[in-house]
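One file, start07.pdb, is given below (PDB, C-alpha atoms (C1' of nucleotides)).
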```pdb
ATOM      1  CA  MET A  14      11.293   2.768  -2.079
ATOM      2  CA  LYS A  15       7.653   2.861  -1.111
ATOM      3  CA  ALA A  16       5.966   5.874  -2.591
ATOM      4  CA  TYR A  17       4.122   8.412  -0.523
ATOM      5  CA  THR A  18       1.901  11.346  -1.260
ATOM      6  CA  ASN A  19       2.461  14.850  -0.022
ATOM      7  CA  LYS A  20       0.268  14.598   3.024
ATOM      8  CA  GLU A  21       1.890  11.331   3.838
ATOM      9  CA  LEU A  22       5.278  12.965   3.726
ATOM     10  CA  GLU A  23       4.076  15.555   6.228
ATOM     11  CA  ILE A  24       3.218  12.764   8.601
ATOM     12  CA  LEU A  25       6.528  11.033   8.027
ATOM     13  CA  ILE A  26       8.327  14.257   8.853
ATOM     14  CA  VAL A  27       6.433  14.563  12.115
ATOM     15  CA  LEU A  28       7.252  10.989  13.002
ATOM     16  CA  TRP A  29      10.913  11.360  12.145
ATOM     17  CA  GLU A  30      10.881  14.246  14.557
ATOM     18  CA  LEU A  31       8.918  12.590  17.324
ATOM     19  CA  GLU A  32      10.345   9.114  16.859
ATOM     20  CA  ALA A  33       7.127   7.471  18.036
ATOM     21  CA  ALA A  34       3.719   8.997  18.505
ATOM     22  CA  SER A  35       0.002   8.422  18.799
ATOM     23  CA  VAL A  36      -2.425   9.668  16.197
ATOM     24  CA  LEU A  37      -3.393  12.493  18.505
ATOM     25  CA  GLN A  38       0.179  13.630  18.931
ATOM     26  CA  VAL A  39       0.758  13.577  15.197
ATOM     27  CA  HIS A  40      -2.466  15.391  14.593
ATOM     28  CA  GLU A  41      -1.531  18.135  17.012
ATOM     29  CA  ALA A  42       1.959  18.434  15.624
ATOM     30  CA  LEU A  43       0.517  18.877  12.166
ATOM     31  CA  ASP A  44      -1.546  21.760  13.426
ATOM     32  CA  SER A  45      -3.846  21.505  10.439
ATOM     33  CA  ASP A  46      -7.384  22.714  10.128
ATOM     34  CA  LYS A  47      -8.582  19.242   9.202
ATOM     35  CA  GLY A  48     -10.390  16.843  11.480
ATOM     36  CA  TYR A  49      -8.784  14.274  13.725
ATOM     37  CA  THR A  50     -10.225  11.331  11.829
ATOM     38  CA  THR A  51      -8.547  12.597   8.700
ATOM     39  CA  THR A  52      -5.154  12.166  10.295
ATOM     40  CA  LEU A  53      -6.266   8.839  11.701
ATOM     41  CA  LYS A  54      -7.373   7.572   8.331
ATOM     42  CA  LEU A  55      -4.182   8.689   6.660
ATOM     43  CA  MET A  56      -2.079   6.915   9.223
ATOM     44  CA  GLN A  57      -4.148   3.774   8.841
ATOM     45  CA  ILE A  58      -3.592   3.884   5.115
ATOM     46  CA  MET A  59       0.115   4.422   5.634
ATOM     47  CA  PHE A  60       0.186   1.482   7.979
ATOM     48  CA  ASP A  61      -1.528  -0.668   5.356
ATOM     49  CA  LYS A  62       1.010   0.464   2.785
ATOM     50  CA  GLY A  63       3.833  -0.424   5.101
ATOM     51  CA  LEU A  64       5.003   3.152   5.502
ATOM     52  CA  LEU A  65       4.375   3.034   9.228
ATOM     53  CA  VAL A  66       4.597   0.405  11.918
ATOM     54  CA  ARG A  67       2.632   0.489  15.148
ATOM     55  CA  LYS A  68       2.131  -1.273  18.382
ATOM     56  CA  LYS A  69      -0.875  -1.297  20.634
ATOM     57  CA  GLU A  70      -0.432   0.465  23.934
ATOM     58  CA  GLY A  71      -3.472   0.580  26.148
ATOM     59  CA  LYS A  72      -6.314   1.396  23.829
ATOM     60  CA  LYS A  73      -4.266   3.421  21.427
ATOM     61  CA  HIS A  74      -1.655   2.772  18.789
ATOM     62  CA  ILE A  75       1.848   4.133  18.867
ATOM     63  CA  TYR A  76       3.212   4.656  15.395
ATOM     64  CA  LYS A  77       6.700   4.897  13.967
ATOM     65  CA  ALA A  78       7.963   5.662  10.498
ATOM     66  CA  ASN A  79       9.011   2.502   8.707
ATOM     67  CA  ILE A  80      11.326   4.246   6.334
ATOM     68  CA  LYS A  81      14.537   5.982   7.325
ATOM     69  CA  ARG A  82      14.637   9.682   6.953
ATOM     70  CA  GLN A  83      17.997   9.358   5.294
ATOM     71  CA  VAL A  84      16.659   6.994   2.662
ATOM     72  CA  ALA A  85      13.892   9.408   1.820
ATOM     73  CA  GLN A  86      16.389  12.241   1.717
ATOM     74  CA  ASN A  87      18.672  10.412  -0.648
ATOM     75  CA  ASN A  88      15.819   9.491  -2.904
ATOM     76  CA  GLY A  89      14.455  13.012  -2.936
ATOM     77  CA  MET A  90      17.904  14.287  -3.712
ATOM     78  CA  ARG A  91      18.552  11.927  -6.600
ATOM     79  CA  ASN A  92      15.108  12.536  -7.937
ATOM     80  CA  MET A  93      15.520  16.273  -7.894
ATOM     81  CA  ILE A  94      18.954  16.268  -9.499
ATOM     82  CA  GLN A  95      17.702  13.970 -12.205
ATOM     83  CA  ASN A  96      14.422  15.667 -13.026
ATOM     84  CA  LEU A  97      14.621  19.320 -12.222
ATOM     85  CA  PHE A  98      18.315  19.684 -12.957
ATOM     86  CA  GLY A  99      18.517  17.227 -15.825
ATOM     87  CA  GLY A 100      21.318  15.421 -14.029
ATOM     88  CA  SER A 101      23.541  18.479 -13.787
ATOM     89  CA  THR A 102      25.519  18.216 -10.606
ATOM     90  CA  LEU A 103      26.978  21.667 -11.056
ATOM     91  CA  GLY A 104      23.658  23.347 -11.644
ATOM     92  CA  PHE A 105      22.437  21.685  -8.537
ATOM     93  CA  ALA A 106      25.431  22.738  -6.474
ATOM     94  CA  GLN A 107      25.033  26.277  -7.666
ATOM     95  CA  SER A 108      21.372  26.414  -6.770
ATOM     96  CA  PHE A 109      22.174  24.879  -3.422
ATOM     97  CA  LEU A 110      24.837  27.404  -2.510
ATOM     98  CA  GLY A 111      22.586  30.206  -3.669
ATOM     99  CA  ASN A 112      19.532  29.060  -1.756
ATOM    100  CA  ALA A 113      20.837  27.519   1.408
ATOM    101  CA  LYS A 114      23.053  30.532   1.960
ATOM    102  CA  PRO A 115      25.445  28.610   4.185
ATOM    103  CA  THR A 116      27.149  30.551   6.936
ATOM    104  CA  LYS A 117      30.923  30.834   7.151
ATOM    105  CA  LYS A 118      30.951  27.956   9.581
ATOM    106  CA  GLU A 119      28.827  25.790   7.333
ATOM    107  CA  LEU A 120      30.990  26.581   4.346
ATOM    108  CA  ASP A 121      34.005  25.436   6.306
ATOM    109  CA  ALA A 122      32.240  22.215   7.182
ATOM    110  CA  ILE A 123      31.327  21.665   3.561
ATOM    111  CA  LYS A 124      34.915  22.251   2.519
ATOM    112  CA  ALA A 125      36.006  19.711   5.076
ATOM    113  CA  MET A 126      33.540  17.203   3.635
ATOM    114  CA  ILE A 127      34.909  17.790   0.183
ATOM    115  CA  LYS A 128      38.457  17.357   1.381
ATOM    116  CA  GLN A 129      37.430  14.101   3.006
ATOM    117  CA  MET A 130      35.816  12.888  -0.204
ATOM    118  CA  GLU A 131      38.912  13.667  -2.184
ATOM    119  CA  LYS A 132      41.007  11.730   0.219
ATOM    120  CA  ASP A 133      38.691   8.723   0.039
ATOM    121  CA  ALA A 134      38.541   8.721  -3.732
TER
ATOM    122  CA  MET B  25       5.078  30.460  -7.529
ATOM    123  CA  LYS B  26       2.286  28.746  -9.406
ATOM    124  CA  ALA B  27       1.883  25.180  -8.253
ATOM    125  CA  TYR B  28       2.051  22.258 -10.636
ATOM    126  CA  THR B  29       1.334  18.575 -10.356
ATOM    127  CA  ASN B  30       3.762  15.850 -11.212
ATOM    128  CA  LYS B  31       2.595  15.293 -14.739
ATOM    129  CA  GLU B  32       2.657  18.998 -15.259
ATOM    130  CA  LEU B  33       6.260  19.106 -14.161
ATOM    131  CA  GLU B  34       7.102  16.480 -16.756
ATOM    132  CA  ILE B  35       5.707  18.748 -19.409
ATOM    133  CA  LEU B  36       7.544  21.766 -18.047
ATOM    134  CA  ILE B  37      10.782  19.812 -18.202
ATOM    135  CA  VAL B  38      10.189  18.952 -21.834
ATOM    136  CA  LEU B  39       9.420  22.559 -22.639
ATOM    137  CA  TRP B  40      12.471  23.857 -20.812
ATOM    138  CA  GLU B  41      14.434  21.507 -23.001
ATOM    139  CA  LEU B  42      12.726  22.305 -26.285
ATOM    140  CA  GLU B  43      12.170  25.990 -25.619
ATOM    141  CA  ALA B  44       8.992  26.055 -27.704
ATOM    142  CA  ALA B  45       6.958  23.154 -28.987
ATOM    143  CA  SER B  46       3.620  21.964 -30.301
ATOM    144  CA  VAL B  47       1.485  19.515 -28.398
ATOM    145  CA  LEU B  48       2.586  16.777 -30.724
ATOM    146  CA  GLN B  49       6.254  17.474 -30.121
ATOM    147  CA  VAL B  50       5.753  17.473 -26.378
ATOM    148  CA  HIS B  51       3.717  14.313 -26.564
ATOM    149  CA  GLU B  52       6.424  12.539 -28.517
ATOM    150  CA  ALA B  53       9.152  13.770 -26.221
ATOM    151  CA  LEU B  54       7.229  12.404 -23.240
ATOM    152  CA  ASP B  55       7.171   9.027 -24.890
ATOM    153  CA  SER B  56       4.332   7.945 -22.656
ATOM    154  CA  ASP B  57       1.822   5.208 -23.252
ATOM    155  CA  LYS B  58      -1.065   7.626 -22.845
ATOM    156  CA  GLY B  59      -3.114   9.099 -25.642
ATOM    157  CA  TYR B  60      -2.371  12.291 -27.490
ATOM    158  CA  THR B  61      -5.452  14.067 -26.199
ATOM    159  CA  THR B  62      -4.254  13.458 -22.671
ATOM    160  CA  THR B  63      -1.181  15.544 -23.317
ATOM    161  CA  LEU B  64      -3.301  18.084 -25.144
ATOM    162  CA  LYS B  65      -5.712  18.415 -22.254
ATOM    163  CA  LEU B  66      -2.944  18.761 -19.729
ATOM    164  CA  MET B  67      -1.321  21.510 -21.726
ATOM    165  CA  GLN B  68      -4.645  23.293 -22.072
ATOM    166  CA  ILE B  69      -5.100  23.141 -18.325
ATOM    167  CA  MET B  70      -1.588  24.412 -17.802
ATOM    168  CA  PHE B  71      -2.305  27.242 -20.190
ATOM    169  CA  ASP B  72      -5.437  28.127 -18.231
ATOM    170  CA  LYS B  73      -3.438  28.074 -15.008
ATOM    171  CA  GLY B  74      -0.868  30.379 -16.538
ATOM    172  CA  LEU B  75       1.896  27.807 -16.429
ATOM    173  CA  LEU B  76       2.294  27.919 -20.194
ATOM    174  CA  VAL B  77       1.941  30.568 -22.850
ATOM    175  CA  ARG B  78       1.163  29.876 -26.483
ATOM    176  CA  LYS B  79       0.749  31.443 -29.835
ATOM    177  CA  LYS B  80      -1.228  30.258 -32.804
ATOM    178  CA  GLU B  81       0.809  29.204 -35.784
ATOM    179  CA  GLY B  82      -1.154  27.864 -38.690
ATOM    180  CA  LYS B  83      -3.732  25.611 -37.149
ATOM    181  CA  LYS B  84      -1.631  24.604 -34.212
ATOM    182  CA  HIS B  85      -0.423  26.189 -31.017
ATOM    183  CA  ILE B  86       3.193  26.626 -30.090
ATOM    184  CA  TYR B  87       3.679  26.495 -26.350
ATOM    185  CA  LYS B  88       6.365  27.777 -24.039
ATOM    186  CA  ALA B  89       6.874  27.388 -20.306
ATOM    187  CA  ASN B  90       5.807  30.530 -18.472
ATOM    188  CA  ILE B  91       7.976  29.848 -15.489
ATOM    189  CA  LYS B  92      11.738  29.864 -15.511
ATOM    190  CA  ARG B  93      13.469  26.618 -14.909
ATOM    191  CA  GLN B  94      15.736  28.331 -12.453
ATOM    192  CA  VAL B  95      12.819  29.614 -10.421
ATOM    193  CA  ALA B  96      11.366  26.130 -10.185
ATOM    194  CA  GLN B  97      14.782  24.780  -9.243
ATOM    195  CA  ASN B  98      15.259  27.306  -6.485
ATOM    196  CA  ASN B  99      11.826  26.637  -5.111
ATOM    197  CA  GLY B 100      12.300  22.906  -5.214
ATOM    198  CA  MET B 101      15.623  23.326  -3.475
ATOM    199  CA  ARG B 102      14.313  25.537  -0.685
ATOM    200  CA  ASN B 103      11.351  23.287  -0.262
ATOM    201  CA  MET B 104      13.463  20.203   0.041
ATOM    202  CA  ILE B 105      15.943  21.703   2.471
ATOM    203  CA  GLN B 106      13.116  22.962   4.603
ATOM    204  CA  ASN B 107      10.908  19.892   4.648
ATOM    205  CA  LEU B 108      12.957  16.810   4.142
ATOM    206  CA  PHE B 109      16.064  18.145   5.845
ATOM    207  CA  GLY B 110      14.341  20.225   8.489
ATOM    208  CA  GLY B 111      16.378  23.229   7.432
ATOM    209  CA  SER B 112      19.731  21.549   7.986
ATOM    210  CA  THR B 113      22.150  22.908   5.455
ATOM    211  CA  LEU B 114      24.850  20.505   6.492
ATOM    212  CA  GLY B 115      22.659  17.445   6.304
ATOM    213  CA  PHE B 116      21.684  18.543   2.882
ATOM    214  CA  ALA B 117      25.239  19.113   1.765
ATOM    215  CA  GLN B 118      26.217  15.719   3.043
ATOM    216  CA  SER B 119      23.414  13.970   1.227
ATOM    217  CA  PHE B 120      24.250  15.907  -1.891
ATOM    218  CA  LEU B 121      27.926  14.983  -1.899
ATOM    219  CA  GLY B 122      27.022  11.381  -1.187
ATOM    220  CA  ASN B 123      24.393  11.079  -3.881
ATOM    221  CA  ALA B 124      25.555  13.256  -6.707
ATOM    222  CA  LYS B 125      28.998  11.673  -6.457
ATOM    223  CA  PRO B 126      30.677  14.630  -8.128
ATOM    224  CA  THR B 127      33.721  13.922 -10.234
ATOM    225  CA  LYS B 128      37.101  15.458  -9.454
ATOM    226  CA  LYS B 129      36.405  18.193 -11.971
ATOM    227  CA  GLU B 130      33.029  18.948 -10.478
ATOM    228  CA  LEU B 131      34.460  19.060  -6.994
ATOM    229  CA  ASP B 132      36.973  21.606  -8.207
ATOM    230  CA  ALA B 133      34.193  23.671  -9.704
ATOM    231  CA  ILE B 134      32.245  23.503  -6.461
ATOM    232  CA  LYS B 135      35.290  24.591  -4.507
ATOM    233  CA  ALA B 136      35.667  27.511  -6.868
ATOM    234  CA  MET B 137      32.033  28.456  -6.262
ATOM    235  CA  ILE B 138      32.595  28.373  -2.542
ATOM    236  CA  LYS B 139      35.701  30.507  -2.844
ATOM    237  CA  GLN B 140      33.730  32.980  -4.881
ATOM    238  CA  MET B 141      30.966  33.088  -2.272
ATOM    239  CA  GLU B 142      33.440  33.725   0.484
ATOM    240  CA  LYS B 143      34.925  36.598  -1.460
ATOM    241  CA  ASP B 144      31.500  38.128  -2.059
ATOM    242  CA  ALA B 145      30.432  37.836   1.535
TER
ATOM    243  C1'  DT C  25     -21.172  -3.508  36.471
ATOM    244  C1'  DT C  26     -22.600   0.796  34.320
ATOM    245  C1'  DT C  27     -21.021   5.020  32.620
ATOM    246  C1'  DC C  28     -17.889   7.938  30.429
ATOM    247  C1'  DA C  29     -14.253   9.437  27.692
ATOM    248  C1'  DT C  30     -11.057   7.900  24.207
ATOM    249  C1'  DC C  31      -9.740   5.614  20.159
ATOM    250  C1'  DT C  32     -10.174   2.875  16.177
ATOM    251  C1'  DA C  33     -12.413   1.083  12.048
ATOM    252  C1'  DC C  34     -14.494   1.863   8.010
ATOM    253  C1'  DG C  35     -17.745   3.323   4.492
ATOM    254  C1'  DA C  36     -18.638   6.952   1.842
ATOM    255  C1'  DA C  37     -18.524  11.810   0.237
ATOM    256  C1'  DT C  38     -15.640  15.225  -1.676
ATOM    257  C1'  DT C  39     -12.043  17.086  -4.254
ATOM    258  C1'  DA C  40      -8.083  16.766  -7.314
ATOM    259  C1'  DT C  41      -5.805  14.655 -11.114
ATOM    260  C1'  DT C  42      -5.453  12.028 -15.191
ATOM    261  C1'  DT C  43      -7.335   9.995 -19.159
ATOM    262  C1'  DC C  44      -9.959   9.658 -23.277
ATOM    263  C1'  DG C  45     -13.765   9.886 -26.830
ATOM    264  C1'  DT C  46     -16.069  12.657 -29.946
ATOM    265  C1'  DA C  47     -17.304  16.772 -32.345
ATOM    266  C1'  DA C  48     -15.981  20.668 -34.573
ATOM    267  C1'  DC C  49     -12.613  23.588 -36.926
ATOM    268  C1'  DA C  50      -8.943  25.041 -40.148
ATOM    269  C1'  DA C  51      -5.675  24.533 -43.736
ATOM    270  C1'  DA C  52      -4.303  22.034 -47.783
ATOM    271  C1'  DC C  53      -5.441  20.258 -51.930
ATOM    272  C1'  DA C  54      -7.821  17.253 -55.508
TER
ATOM    273  C1'  DT D  19     -16.151  23.204 -53.779
ATOM    274  C1'  DG D  20     -15.774  19.121 -51.036
ATOM    275  C1'  DT D  21     -12.672  15.791 -49.042
ATOM    276  C1'  DT D  22      -8.914  14.691 -46.255
ATOM    277  C1'  DT D  23      -5.829  15.439 -42.512
ATOM    278  C1'  DG D  24      -4.122  17.456 -38.426
ATOM    279  C1'  DT D  25      -5.481  19.972 -34.629
ATOM    280  C1'  DT D  26      -8.190  21.964 -30.900
ATOM    281  C1'  DA D  27     -12.025  22.132 -27.572
ATOM    282  C1'  DC D  28     -14.533  20.161 -24.235
ATOM    283  C1'  DG D  29     -17.478  17.095 -21.561
ATOM    284  C1'  DA D  30     -17.197  13.366 -18.975
ATOM    285  C1'  DA D  31     -15.311   8.954 -17.305
ATOM    286  C1'  DA D  32     -11.775   6.857 -14.527
ATOM    287  C1'  DT D  33      -8.561   7.002 -10.943
ATOM    288  C1'  DA D  34      -6.243   8.831  -6.926
ATOM    289  C1'  DA D  35      -6.079  11.415  -2.747
ATOM    290  C1'  DT D  36      -8.219  13.696   1.044
ATOM    291  C1'  DT D  37     -11.770  14.436   4.313
ATOM    292  C1'  DC D  38     -15.274  13.303   7.500
ATOM    293  C1'  DG D  39     -19.305  11.146   9.987
ATOM    294  C1'  DT D  40     -20.852   7.518  12.605
ATOM    295  C1'  DA D  41     -20.717   3.104  14.893
ATOM    296  C1'  DG D  42     -18.479   0.237  17.799
ATOM    297  C1'  DA D  43     -14.580  -1.230  20.815
ATOM    298  C1'  DT D  44     -11.621  -0.528  24.926
ATOM    299  C1'  DG D  45     -10.081   0.805  29.267
ATOM    300  C1'  DA D  46     -10.716   3.714  33.357
ATOM    301  C1'  DA D  47     -13.541   5.474  36.887
ATOM    302  C1'  DA D  48     -17.609   5.627  39.723
TER
END
```

Show me the file's structure as structure tokens.
Amino acid sequence: MKAYTNKELEILIVLWELEAASVLQVHEALDSDKGYTTTLKLMQIMFDKGLLVRKKEGKKHIYKANIKRQVAQNNGMRNMIQNLFGGSTLGFAQSFLGNAKPTKKELDAIKAMIKQMEKDA
Amino acid sequence: MKAYTNKELEILIVLWELEAASVLQVHEALDSDKGYTTTLKLMQIMFDKGLLVRKKEGKKHIYKANIKRQVAQNNGMRNMIQNLFGGSTLGFAQSFLGNAKPTKKELDAIKAMIKQMEKDA
DNA sequence: TTTCATCTACGAATTATTTCGTAACAAACA
DNA sequence: TGTTTGTTACGAAATAATTCGTAGATGAAA
């Protein structure tokens, strides 16, 4: 997967949310204290890297993320399990349950997922 | 929590593994193609930042991580759920089950954890 | 057209991170 | 003692990432 820096991830997150957006829209969504041209430049760089796609519309560009949120999620997940948890699935699960503090409803949904997995296996 | 860069995390991981180690030991464990003084400098910076502690032993320093692995794990977890998953516990759980591909045994252990949580709640 | 308000492009400054060379220091020991 | 070896300290170079200013392009409006 194409690599991205932290700021770039922030922009990807905005675009996953907005689907498609102009630089101005992204800049406003970021609500940062940095200048507009900073966001512009970052998005241009991301376009050059292939992280974003864009099409011209009037005088502006409309950008989209060129990487699926789910792909990034899966990579982040694998990466974290491998590095921070040394590959320990159980340690990871434990930290997850402790930190996400799932509600009763969510726990039920998770149990259902597990049941489904067991059936598929 | 104190922030750390990527390279710094690599060193933390080694130290969590080794418990306590000299620069040389860390450098060897990293098995990188960079010079020894690079590792040395990084560890000095981390010491200055308070990420590591050390004690003199003979002419060398023995370093330890000054941040618990579990704390870093919990932070990474919260961070990831919040950013990459937009706070969606279920999305996260789904990605986890899909990527970690827990074995039957691990699934059982996870179910036990859930049962325990439900009892505590 | 000319003017005006947006936008983009892009070079360059700034800041953060990583890397390394060299000097100096400390312990061991010939 | 003086030489060798392993180690630290530290400045500074190299690289990467972020930020911004300014010039120029584009479309809309007078």

Let me have the centre and edge lengths of the axis-aligned box enclosing all listed atoms of region 55-66 of chain A with 6 Å padding on every side, in Å to one decimal, as AutoDock Vina command-line options.
```
--center_x 0.4 --center_y 4.0 --center_z 7.4 --size_x 21.2 --size_y 21.4 --size_z 21.1
```

Distance-based interface of chain C with chain B, 7 Å, counting all atoms listed in the file, as a list of chain:residue names: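 Residues of chain C within 7 Å of chain B, counting all atoms listed in the file: C:DT43, C:DC44, C:DA50, C:DA51.
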
Residues of chain A within 8 Å of chain B, counting all atoms listed in the file, as number ranges by chain: A: 26, 82, 85-87, 89-91, 93-94, 96-98, 102-103, 106-110, 112-113, 115, 117, 119-120, 122-124, 126-127, 131

Atom-to-atom span, CA of Lys62 (chain A) and CA of Ala34 (chain A), Å: 18.1 Å

Produce a table with one row for each residue of chain D that has an atom at most 7 Å from any atom of chain A, each row naming the nearest atom pair and its distance in Å at one decimal; use all atoms listed in the file; arrange rows by chain and rising residue number; format as a Markdown table.
```
| residue | atom | partner | partner_atom | distance |
| --- | --- | --- | --- | --- |
| D:DT37 | C1' | A:Thr51 | CA | 5.7 |
| D:DC38 | C1' | A:Thr51 | CA | 6.9 |
| D:DT44 | C1' | A:Lys72 | CA | 5.8 |
| D:DG45 | C1' | A:Lys72 | CA | 6.6 |
```

Selection result of the PyMOL selection byres ((chain D and resi 28) around 12) on this file, as a short mmCIF file (atom, residue, chain, number, x, y, z; two decimals) with C-alpha atoms (C1' of nucleotides), in the coordinates of the input:
```
data_model
loop_
_atom_site.label_atom_id
_atom_site.label_comp_id
_atom_site.auth_asym_id
_atom_site.auth_seq_id
_atom_site.Cartn_x
_atom_site.Cartn_y
_atom_site.Cartn_z
CA THR B 61 -5.45 14.07 -26.20
CA LEU B 64 -3.30 18.08 -25.14
CA LYS B 65 -5.71 18.42 -22.25
CA GLN B 68 -4.64 23.29 -22.07
CA ILE B 69 -5.10 23.14 -18.32
"C1'" DC C 44 -9.96 9.66 -23.28
"C1'" DG C 45 -13.76 9.89 -26.83
"C1'" DT C 46 -16.07 12.66 -29.95
"C1'" DA C 47 -17.30 16.77 -32.34
"C1'" DA C 48 -15.98 20.67 -34.57
"C1'" DT D 26 -8.19 21.96 -30.90
"C1'" DA D 27 -12.02 22.13 -27.57
"C1'" DG D 29 -17.48 17.10 -21.56
"C1'" DA D 30 -17.20 13.37 -18.98
#
```

Fill-in result for region 57-72 of chain A, N, CA, C and O atoms as a compact mmCIF listing (two decimals), in the coordinates of the input:
```
# COMPACT_ATOMS: atom_id res chain seq x y z
N GLN A 57 -3.74 5.16 9.07
CA GLN A 57 -4.15 3.77 8.84
C GLN A 57 -3.75 3.33 7.44
O GLN A 57 -3.25 2.22 7.23
N ILE A 58 -3.97 4.20 6.49
CA ILE A 58 -3.59 3.88 5.12
C ILE A 58 -2.08 3.67 5.02
O ILE A 58 -1.61 2.72 4.40
N MET A 59 -1.34 4.54 5.66
CA MET A 59 0.12 4.42 5.63
C MET A 59 0.58 3.13 6.31
O MET A 59 1.56 2.52 5.89
N PHE A 60 -0.14 2.75 7.33
CA PHE A 60 0.19 1.48 7.98
C PHE A 60 -0.06 0.33 7.01
O PHE A 60 0.77 -0.57 6.85
N ASP A 61 -1.20 0.38 6.33
CA ASP A 61 -1.53 -0.67 5.36
C ASP A 61 -0.49 -0.74 4.24
O ASP A 61 -0.14 -1.81 3.76
N LYS A 62 0.00 0.41 3.84
CA LYS A 62 1.01 0.46 2.78
C LYS A 62 2.38 0.02 3.27
O LYS A 62 3.30 -0.14 2.47
N GLY A 63 2.53 -0.06 4.57
CA GLY A 63 3.83 -0.42 5.10
C GLY A 63 4.74 0.77 5.35
O GLY A 63 5.93 0.61 5.63
N LEU A 64 4.18 1.96 5.27
CA LEU A 64 5.00 3.15 5.50
C LEU A 64 5.22 3.39 6.99
O LEU A 64 6.18 4.01 7.39
N LEU A 65 4.26 2.90 7.78
CA LEU A 65 4.38 3.03 9.23
C LEU A 65 4.28 1.67 9.89
O LEU A 65 3.70 0.74 9.33
N VAL A 66 4.82 1.57 11.08
CA VAL A 66 4.60 0.40 11.92
C VAL A 66 3.93 0.93 13.18
O VAL A 66 3.97 2.12 13.46
N ARG A 67 3.30 0.03 13.94
CA ARG A 67 2.63 0.49 15.15
C ARG A 67 2.54 -0.65 16.14
O ARG A 67 2.61 -1.83 15.78
N LYS A 68 2.40 -0.25 17.38
CA LYS A 68 2.13 -1.27 18.38
C LYS A 68 1.02 -0.74 19.28
O LYS A 68 0.87 0.46 19.48
N LYS A 69 0.24 -1.69 19.79
CA LYS A 69 -0.88 -1.30 20.63
C LYS A 69 -0.34 -0.97 22.02
O LYS A 69 0.54 -1.66 22.55
N GLU A 70 -0.87 0.07 22.59
CA GLU A 70 -0.43 0.46 23.93
C GLU A 70 -1.66 1.01 24.62
O GLU A 70 -2.12 2.11 24.32
N GLY A 71 -2.19 0.21 25.56
CA GLY A 71 -3.47 0.58 26.15
C GLY A 71 -4.49 0.50 25.02
O GLY A 71 -4.47 -0.45 24.23
N LYS A 72 -5.32 1.48 24.91
CA LYS A 72 -6.31 1.40 23.83
C LYS A 72 -5.87 2.11 22.58
O LYS A 72 -6.57 2.14 21.58
```
